[in-house]
Amino acid sequence: MTDETNTNMVELDVEKDVWNRGYTVHSLLIIGSKEEDGNYNFAPKHMAMPLGFSNHFGFIGTPRKSTYRNIQREKVFTVSYPKPSQLTVSSLAATQREDDDSKPVLDQIPTTPAQKIDGYFVEDSYFQLECKLTECLGKFDEWELVVGEIVAGRIDKKMSRKVGNGVDEGQLIYDNPLLAYLHPNRFSVIKESNVFPFPKELKR
Ligand SMILES: Cc1cc2nc3c(=O)[nH]c(=O)nc-3n(C[C@H](O)[C@H](O)[C@H](O)COP(=O)(O)O)c2cc1C
């Protein structure tokens with residue numbers, strides 16, 4: 001420890017949005033939910049992640065948005081992980097609603113049905129999860145953690161990672177790049193990757 005001020009660091013104003021002050025890496029995925037009128041909605045989320053190593057998934061939402069209210073009502077939602085080629089679709093899904101609360105742009109997004117729940121995925125997304133709502137946690141100001149149990153799912157064959165099948169995993173990602181969202185305003189297409197240098201005999 002030293003009491004010298006580190007001049008390489010800028011102090012953050014924690015009264016303001018600290019996440020806006022620099023870049024952080026996130027998955028970008030699309031939550032699917034059923035609207036009250038029977039249509040299906042899609043909305044992109046970057047505050048979203050696996051919860052533990054069993055089949056739970058969570059994302060941050062707010063009662064102000066239809067996605068949250070749809071899921072509270074229907075108790076199910078889908079998760080579609082888009083490929084880089086689906087960047088535009090992912091962004092369009094966040095288009096502002098019309099005065100009548102509709103999102104006509106969604107009609108342009110090709111979809112594919114879920115199998116175990118009442119829902120749809122963005123067609124051609126590479127990783128698809130069907131979730132049953134288990135709880136909404138918190139209040140982080142207006143935001144809440146929406147938690148689902150994954151009851152079914154599938155992955156694009158080309159991107160399926162099976163330990164021991166002889167596939168070079170670096171090549172797998174190179175041939176099927178991943179989309180990263182760099183909050184607050186950039187994205188990246190990941191082709192290059194390396195094996196993580198885990199400590200010897202790592203235990204979770
Ligand atoms: C790149 C990107 C990331 C977003 N991440 C989130 C998020 O993590 N949580 C959230 O509630 N909204 C997020 N949004 C905003 C919502 O997805 C957006 O307001 C959505 O279209 C609301 O739709 P709805 O009214 O149909 O629920 C994000 C939007 C974009 C463009």
# chains A, B, ... in the order shown; residues from 1 in each chain; ligands from 1
call {"tool": "closest_atom_pairs", "arguments": {"of": "chain A", "to": "ligand 1", "cutoff": "8 Å", "atoms": "only C-alpha atoms and all ligand atoms", "output": "CSV"}}
result
residue,atom,partner,partner_atom_place_in_ligand_line,distance
A:Leu28,CA,ligand 1,1 (C),6.8
A:Ile30,CA,ligand 1,17 (O),8.0
A:Asn41,CA,ligand 1,26 (O),6.0
A:Phe42,CA,ligand 1,26 (O),6.2
A:Ala43,CA,ligand 1,17 (O),4.2
A:Pro44,CA,ligand 1,17 (O),4.2
A:Lys45,CA,ligand 1,5 (N),3.4
A:His46,CA,ligand 1,8 (O),4.0
A:Met47,CA,ligand 1,8 (O),3.7
A:Ala48,CA,ligand 1,8 (O),6.2
A:Phe59,CA,ligand 1,8 (O),6.6
A:Ile60,CA,ligand 1,9 (N),5.0
A:Gly61,CA,ligand 1,11 (O),3.8
A:Thr62,CA,ligand 1,11 (O),5.7
A:Arg64,CA,ligand 1,25 (O),7.6
A:Lys65,CA,ligand 1,25 (O),4.1
A:Ser66,CA,ligand 1,27 (O),3.9
A:Thr67,CA,ligand 1,27 (O),3.6
A:Tyr68,CA,ligand 1,27 (O),6.4
A:Ser90,CA,ligand 1,31 (C),7.4
A:Ser91,CA,ligand 1,31 (C),5.1
A:Leu92,CA,ligand 1,31 (C),7.8
A:Ala93,CA,ligand 1,21 (O),5.7
A:Ala94,CA,ligand 1,21 (O),3.1
A:Thr95,CA,ligand 1,21 (O),5.6
A:Gln96,CA,ligand 1,21 (O),6.5
A:Arg97,CA,ligand 1,25 (O),7.0
A:Lys103,CA,ligand 1,26 (O),7.6
A:Trp143,CA,ligand 1,11 (O),7.4
A:Tyr181,CA,ligand 1,1 (C),6.8
A:His183,CA,ligand 1,1 (C),7.6
A:Pro184,CA,ligand 1,1 (C),7.9
A:Asn185,CA,ligand 1,1 (C),7.5
call {"tool": "select_by_dssp", "arguments": {"residues": "chain A", "states": "helix (DSSP H, G or I)", "output": "ChimeraX atom specification"}}
result
/A:18-20,66-74,84-92,104-108,157-159,169-175
call {"tool": "atom_distance", "arguments": {"atom1": "atom CA of Glu149 of chain A", "atom2": "atom CA of Leu133 of chain A"}}
result
6.5 Å
call {"tool": "residues_around", "arguments": {"residues": "Phe121 of chain A", "least_positions_apart": "4", "cutoff": "9 Å", "atoms": "only C-alpha atoms", "output": "list in words"}}
result
Ile30, Ile31, Gly32, Phe42, Thr78, Val79, Ser80, Pro110, Thr111, Thr112, Pro113, Ala114, Ser125, Gln128, Leu129 and Glu130 of chain A
call {"tool": "closest_residue", "arguments": {"among": "A:Tyr126, A:Ile150, A:Ala180, A:Gly170", "to": "Leu51 of chain A", "atoms": "only C-alpha atoms"}}
result
A:Ile150
call {"tool": "residues_around", "arguments": {"residues": "Asp168 of chain A", "least_positions_apart": "6", "cutoff": "12 Å", "atoms": "only C-alpha atoms", "output": "count of residues only"}}
result
9
call {"tool": "select_by_dssp", "arguments": {"residues": "segment 39-107 of chain A", "states": "strand (DSSP E or B)", "output": "PDB file with all heavy atoms, in the first residue's frame"}}
result
ATOM      1  N   TYR A  40     -45.379 -11.812 -30.835  1.00  0.00           N
ATOM      2  CA  TYR A  40     -44.159 -12.148 -30.104  1.00  0.00           C
ATOM      3  C   TYR A  40     -43.160 -11.001 -30.221  1.00  0.00           C
ATOM      4  O   TYR A  40     -42.960 -10.452 -31.303  1.00  0.00           O
ATOM      5  CB  TYR A  40     -43.590 -13.468 -30.617  1.00  0.00           C
ATOM      6  CG  TYR A  40     -44.502 -14.625 -30.267  1.00  0.00           C
ATOM      7  CD1 TYR A  40     -45.560 -14.968 -31.112  1.00  0.00           C
ATOM      8  CD2 TYR A  40     -44.348 -15.323 -29.075  1.00  0.00           C
ATOM      9  CE1 TYR A  40     -46.432 -15.992 -30.779  1.00  0.00           C
ATOM     10  CE2 TYR A  40     -45.216 -16.355 -28.739  1.00  0.00           C
ATOM     11  CZ  TYR A  40     -46.257 -16.687 -29.584  1.00  0.00           C
ATOM     12  OH  TYR A  40     -47.124 -17.693 -29.256  1.00  0.00           O
ATOM     13  N   ASN A  41     -42.556 -10.658 -29.104  1.00  0.00           N
ATOM     14  CA  ASN A  41     -41.659  -9.505 -29.018  1.00  0.00           C
ATOM     15  C   ASN A  41     -40.201  -9.968 -28.918  1.00  0.00           C
ATOM     16  O   ASN A  41     -39.920 -11.041 -28.400  1.00  0.00           O
ATOM     17  CB  ASN A  41     -42.028  -8.709 -27.760  1.00  0.00           C
ATOM     18  CG  ASN A  41     -41.187  -7.468 -27.601  1.00  0.00           C
ATOM     19  OD1 ASN A  41     -40.921  -6.759 -28.571  1.00  0.00           O
ATOM     20  ND2 ASN A  41     -40.740  -7.194 -26.394  1.00  0.00           N
ATOM     21  N   PHE A  42     -39.294  -9.137 -29.423  1.00  0.00           N
ATOM     22  CA  PHE A  42     -37.861  -9.365 -29.225  1.00  0.00           C
ATOM     23  C   PHE A  42     -37.222  -8.083 -28.736  1.00  0.00           C
ATOM     24  O   PHE A  42     -37.584  -6.998 -29.192  1.00  0.00           O
ATOM     25  CB  PHE A  42     -37.180  -9.789 -30.538  1.00  0.00           C
ATOM     26  CG  PHE A  42     -37.580 -11.154 -31.002  1.00  0.00           C
ATOM     27  CD1 PHE A  42     -38.335 -11.320 -32.159  1.00  0.00           C
ATOM     28  CD2 PHE A  42     -37.206 -12.282 -30.285  1.00  0.00           C
ATOM     29  CE1 PHE A  42     -38.707 -12.576 -32.584  1.00  0.00           C
ATOM     30  CE2 PHE A  42     -37.580 -13.545 -30.704  1.00  0.00           C
ATOM     31  CZ  PHE A  42     -38.334 -13.690 -31.858  1.00  0.00           C
ATOM     32  N   ALA A  43     -36.263  -8.210 -27.818  1.00  0.00           N
ATOM     33  CA  ALA A  43     -35.550  -7.041 -27.316  1.00  0.00           C
ATOM     34  C   ALA A  43     -34.110  -7.436 -26.974  1.00  0.00           C
ATOM     35  O   ALA A  43     -33.890  -8.464 -26.326  1.00  0.00           O
ATOM     36  CB  ALA A  43     -36.240  -6.486 -26.068  1.00  0.00           C
ATOM     37  N   PRO A  44     -33.124  -6.649 -27.441  1.00  0.00           N
ATOM     38  CA  PRO A  44     -31.722  -6.979 -27.134  1.00  0.00           C
ATOM     39  C   PRO A  44     -31.363  -6.641 -25.693  1.00  0.00           C
ATOM     40  O   PRO A  44     -31.859  -5.655 -25.140  1.00  0.00           O
ATOM     41  CB  PRO A  44     -30.935  -6.073 -28.105  1.00  0.00           C
ATOM     42  CG  PRO A  44     -31.822  -4.909 -28.347  1.00  0.00           C
ATOM     43  CD  PRO A  44     -33.240  -5.410 -28.225  1.00  0.00           C
ATOM     44  N   LYS A  45     -30.490  -7.451 -25.113  1.00  0.00           N
ATOM     45  CA  LYS A  45     -30.026  -7.212 -23.731  1.00  0.00           C
ATOM     46  C   LYS A  45     -28.527  -7.501 -23.675  1.00  0.00           C
ATOM     47  O   LYS A  45     -28.060  -8.490 -24.238  1.00  0.00           O
ATOM     48  CB  LYS A  45     -30.722  -8.145 -22.733  1.00  0.00           C
ATOM     49  CG  LYS A  45     -32.228  -8.158 -22.801  1.00  0.00           C
ATOM     50  CD  LYS A  45     -32.852  -6.930 -22.191  1.00  0.00           C
ATOM     51  CE  LYS A  45     -34.328  -6.841 -22.516  1.00  0.00           C
ATOM     52  NZ  LYS A  45     -34.918  -5.538 -22.333  1.00  0.00           N
ATOM     53  N   ALA A  48     -26.900  -9.578 -19.090  1.00  0.00           N
ATOM     54  CA  ALA A  48     -27.521 -10.904 -19.133  1.00  0.00           C
ATOM     55  C   ALA A  48     -26.440 -11.952 -19.003  1.00  0.00           C
ATOM     56  O   ALA A  48     -25.348 -11.779 -19.554  1.00  0.00           O
ATOM     57  CB  ALA A  48     -28.243 -11.070 -20.459  1.00  0.00           C
ATOM     58  N   MET A  49     -26.752 -13.030 -18.285  1.00  0.00           N
ATOM     59  CA  MET A  49     -25.679 -14.023 -18.062  1.00  0.00           C
ATOM     60  C   MET A  49     -26.209 -15.335 -17.484  1.00  0.00           C
ATOM     61  O   MET A  49     -27.319 -15.381 -16.953  1.00  0.00           O
ATOM     62  CB  MET A  49     -24.654 -13.443 -17.106  1.00  0.00           C
ATOM     63  CG  MET A  49     -25.239 -13.123 -15.755  1.00  0.00           C
ATOM     64  SD  MET A  49     -23.963 -12.486 -14.653  1.00  0.00           S
ATOM     65  CE  MET A  49     -24.985 -12.100 -13.253  1.00  0.00           C
ATOM     66  N   PRO A  50     -25.360 -16.389 -17.557  1.00  0.00           N
ATOM     67  CA  PRO A  50     -25.683 -17.621 -16.846  1.00  0.00           C
ATOM     68  C   PRO A  50     -25.673 -17.323 -15.355  1.00  0.00           C
ATOM     69  O   PRO A  50     -24.887 -16.503 -14.896  1.00  0.00           O
ATOM     70  CB  PRO A  50     -24.520 -18.556 -17.187  1.00  0.00           C
ATOM     71  CG  PRO A  50     -23.702 -17.877 -18.222  1.00  0.00           C
ATOM     72  CD  PRO A  50     -24.052 -16.434 -18.224  1.00  0.00           C
ATOM     73  N   HIS A  56     -29.681 -22.130 -15.047  1.00  0.00           N
ATOM     74  CA  HIS A  56     -30.382 -20.880 -14.758  1.00  0.00           C
ATOM     75  C   HIS A  56     -29.768 -19.735 -15.533  1.00  0.00           C
ATOM     76  O   HIS A  56     -28.551 -19.699 -15.754  1.00  0.00           O
ATOM     77  CB  HIS A  56     -30.364 -20.585 -13.256  1.00  0.00           C
ATOM     78  CG  HIS A  56     -31.221 -21.529 -12.486  1.00  0.00           C
ATOM     79  ND1 HIS A  56     -30.739 -22.709 -11.971  1.00  0.00           N
ATOM     80  CD2 HIS A  56     -32.542 -21.485 -12.201  1.00  0.00           C
ATOM     81  CE1 HIS A  56     -31.731 -23.356 -11.384  1.00  0.00           C
ATOM     82  NE2 HIS A  56     -32.835 -22.643 -11.511  1.00  0.00           N
ATOM     83  N   PHE A  57     -30.628 -18.814 -15.931  1.00  0.00           N
ATOM     84  CA  PHE A  57     -30.206 -17.688 -16.757  1.00  0.00           C
ATOM     85  C   PHE A  57     -30.907 -16.434 -16.234  1.00  0.00           C
ATOM     86  O   PHE A  57     -32.067 -16.495 -15.815  1.00  0.00           O
ATOM     87  CB  PHE A  57     -30.626 -17.957 -18.218  1.00  0.00           C
ATOM     88  CG  PHE A  57     -30.397 -16.782 -19.114  1.00  0.00           C
ATOM     89  CD1 PHE A  57     -29.186 -16.617 -19.775  1.00  0.00           C
ATOM     90  CD2 PHE A  57     -31.383 -15.808 -19.281  1.00  0.00           C
ATOM     91  CE1 PHE A  57     -28.963 -15.509 -20.568  1.00  0.00           C
ATOM     92  CE2 PHE A  57     -31.164 -14.699 -20.081  1.00  0.00           C
ATOM     93  CZ  PHE A  57     -29.950 -14.553 -20.721  1.00  0.00           C
ATOM     94  N   GLY A  58     -30.202 -15.306 -16.269  1.00  0.00           N
ATOM     95  CA  GLY A  58     -30.830 -14.068 -15.803  1.00  0.00           C
ATOM     96  C   GLY A  58     -30.460 -12.873 -16.655  1.00  0.00           C
ATOM     97  O   GLY A  58     -29.383 -12.842 -17.266  1.00  0.00           O
ATOM     98  N   PHE A  59     -31.365 -11.928 -16.718  1.00  0.00           N
ATOM     99  CA  PHE A  59     -31.047 -10.652 -17.370  1.00  0.00           C
ATOM    100  C   PHE A  59     -31.692  -9.512 -16.584  1.00  0.00           C
ATOM    101  O   PHE A  59     -32.614  -9.732 -15.795  1.00  0.00           O
ATOM    102  CB  PHE A  59     -31.519 -10.639 -18.838  1.00  0.00           C
ATOM    103  CG  PHE A  59     -33.008 -10.543 -19.003  1.00  0.00           C
ATOM    104  CD1 PHE A  59     -33.638  -9.299 -19.139  1.00  0.00           C
ATOM    105  CD2 PHE A  59     -33.801 -11.681 -19.021  1.00  0.00           C
ATOM    106  CE1 PHE A  59     -35.008  -9.201 -19.290  1.00  0.00           C
ATOM    107  CE2 PHE A  59     -35.168 -11.592 -19.150  1.00  0.00           C
ATOM    108  CZ  PHE A  59     -35.790 -10.350 -19.291  1.00  0.00           C
ATOM    109  N   ILE A  60     -31.175  -8.337 -16.813  1.00  0.00           N
ATOM    110  CA  ILE A  60     -31.688  -7.165 -16.116  1.00  0.00           C
ATOM    111  C   ILE A  60     -32.769  -6.497 -16.969  1.00  0.00           C
ATOM    112  O   ILE A  60     -32.550  -6.211 -18.153  1.00  0.00           O
ATOM    113  CB  ILE A  60     -30.538  -6.171 -15.828  1.00  0.00           C
ATOM    114  CG1 ILE A  60     -29.535  -6.776 -14.850  1.00  0.00           C
ATOM    115  CG2 ILE A  60     -31.071  -4.839 -15.323  1.00  0.00           C
ATOM    116  CD1 ILE A  60     -30.023  -6.899 -13.413  1.00  0.00           C
ATOM    117  N   GLY A  61     -33.932  -6.296 -16.345  1.00  0.00           N
ATOM    118  CA  GLY A  61     -35.047  -5.646 -17.041  1.00  0.00           C
ATOM    119  C   GLY A  61     -35.752  -4.680 -16.107  1.00  0.00           C
ATOM    120  O   GLY A  61     -35.392  -4.548 -14.928  1.00  0.00           O
ATOM    121  N   VAL A  76     -42.787 -17.265 -19.177  1.00  0.00           N
ATOM    122  CA  VAL A  76     -41.764 -17.913 -20.010  1.00  0.00           C
ATOM    123  C   VAL A  76     -41.071 -16.863 -20.880  1.00  0.00           C
ATOM    124  O   VAL A  76     -41.639 -15.803 -21.146  1.00  0.00           O
ATOM    125  CB  VAL A  76     -42.350 -19.005 -20.947  1.00  0.00           C
ATOM    126  CG1 VAL A  76     -42.809 -20.220 -20.175  1.00  0.00           C
ATOM    127  CG2 VAL A  76     -43.482 -18.451 -21.808  1.00  0.00           C
ATOM    128  N   PHE A  77     -39.849 -17.197 -21.321  1.00  0.00           N
ATOM    129  CA  PHE A  77     -39.158 -16.351 -22.304  1.00  0.00           C
ATOM    130  C   PHE A  77     -38.109 -17.157 -23.060  1.00  0.00           C
ATOM    131  O   PHE A  77     -37.713 -18.242 -22.602  1.00  0.00           O
ATOM    132  CB  PHE A  77     -38.534 -15.114 -21.635  1.00  0.00           C
ATOM    133  CG  PHE A  77     -37.472 -15.382 -20.599  1.00  0.00           C
ATOM    134  CD1 PHE A  77     -36.125 -15.423 -20.937  1.00  0.00           C
ATOM    135  CD2 PHE A  77     -37.816 -15.588 -19.266  1.00  0.00           C
ATOM    136  CE1 PHE A  77     -35.141 -15.648 -19.970  1.00  0.00           C
ATOM    137  CE2 PHE A  77     -36.840 -15.808 -18.292  1.00  0.00           C
ATOM    138  CZ  PHE A  77     -35.502 -15.840 -18.646  1.00  0.00           C
ATOM    139  N   THR A  78     -37.716 -16.651 -24.216  1.00  0.00           N
ATOM    140  CA  THR A  78     -36.655 -17.306 -24.989  1.00  0.00           C
ATOM    141  C   THR A  78     -35.413 -16.426 -24.988  1.00  0.00           C
ATOM    142  O   THR A  78     -35.491 -15.213 -24.799  1.00  0.00           O
ATOM    143  CB  THR A  78     -37.068 -17.545 -26.456  1.00  0.00           C
ATOM    144  OG1 THR A  78     -37.258 -16.271 -27.108  1.00  0.00           O
ATOM    145  CG2 THR A  78     -38.339 -18.369 -26.563  1.00  0.00           C
ATOM    146  N   VAL A  79     -34.257 -17.076 -25.203  1.00  0.00           N
ATOM    147  CA  VAL A  79     -32.995 -16.349 -25.335  1.00  0.00           C
ATOM    148  C   VAL A  79     -32.361 -16.777 -26.656  1.00  0.00           C
ATOM    149  O   VAL A  79     -32.137 -17.965 -26.874  1.00  0.00           O
ATOM    150  CB  VAL A  79     -32.027 -16.688 -24.178  1.00  0.00           C
ATOM    151  CG1 VAL A  79     -30.782 -15.803 -24.246  1.00  0.00           C
ATOM    152  CG2 VAL A  79     -32.711 -16.557 -22.821  1.00  0.00           C
ATOM    153  N   SER A  80     -32.083 -15.810 -27.525  1.00  0.00           N
ATOM    154  CA  SER A  80     -31.409 -16.079 -28.802  1.00  0.00           C
ATOM    155  C   SER A  80     -30.064 -15.361 -28.795  1.00  0.00           C
ATOM    156  O   SER A  80     -30.013 -14.151 -28.574  1.00  0.00           O
ATOM    157  CB  SER A  80     -32.208 -15.513 -29.986  1.00  0.00           C
ATOM    158  OG  SER A  80     -33.525 -16.015 -30.034  1.00  0.00           O
ATOM    159  N   TYR A  81     -28.979 -16.112 -28.995  1.00  0.00           N
ATOM    160  CA  TYR A  81     -27.650 -15.485 -29.119  1.00  0.00           C
ATOM    161  C   TYR A  81     -27.387 -15.261 -30.611  1.00  0.00           C
ATOM    162  O   TYR A  81     -27.228 -16.229 -31.364  1.00  0.00           O
ATOM    163  CB  TYR A  81     -26.568 -16.393 -28.543  1.00  0.00           C
ATOM    164  CG  TYR A  81     -26.474 -16.378 -27.030  1.00  0.00           C
ATOM    165  CD1 TYR A  81     -27.405 -17.058 -26.245  1.00  0.00           C
ATOM    166  CD2 TYR A  81     -25.442 -15.702 -26.386  1.00  0.00           C
ATOM    167  CE1 TYR A  81     -27.311 -17.051 -24.858  1.00  0.00           C
ATOM    168  CE2 TYR A  81     -25.340 -15.695 -25.001  1.00  0.00           C
ATOM    169  CZ  TYR A  81     -26.277 -16.370 -24.248  1.00  0.00           C
ATOM    170  OH  TYR A  81     -26.167 -16.362 -22.871  1.00  0.00           O
TER     171      TYR A  81
END
call {"tool": "closest_residue", "arguments": {"among": "A:Ile71, A:Cys136, A:Leu202, A:Leu178", "to": "Gln86 of chain A", "atoms": "only C-alpha atoms"}}
result
A:Leu178
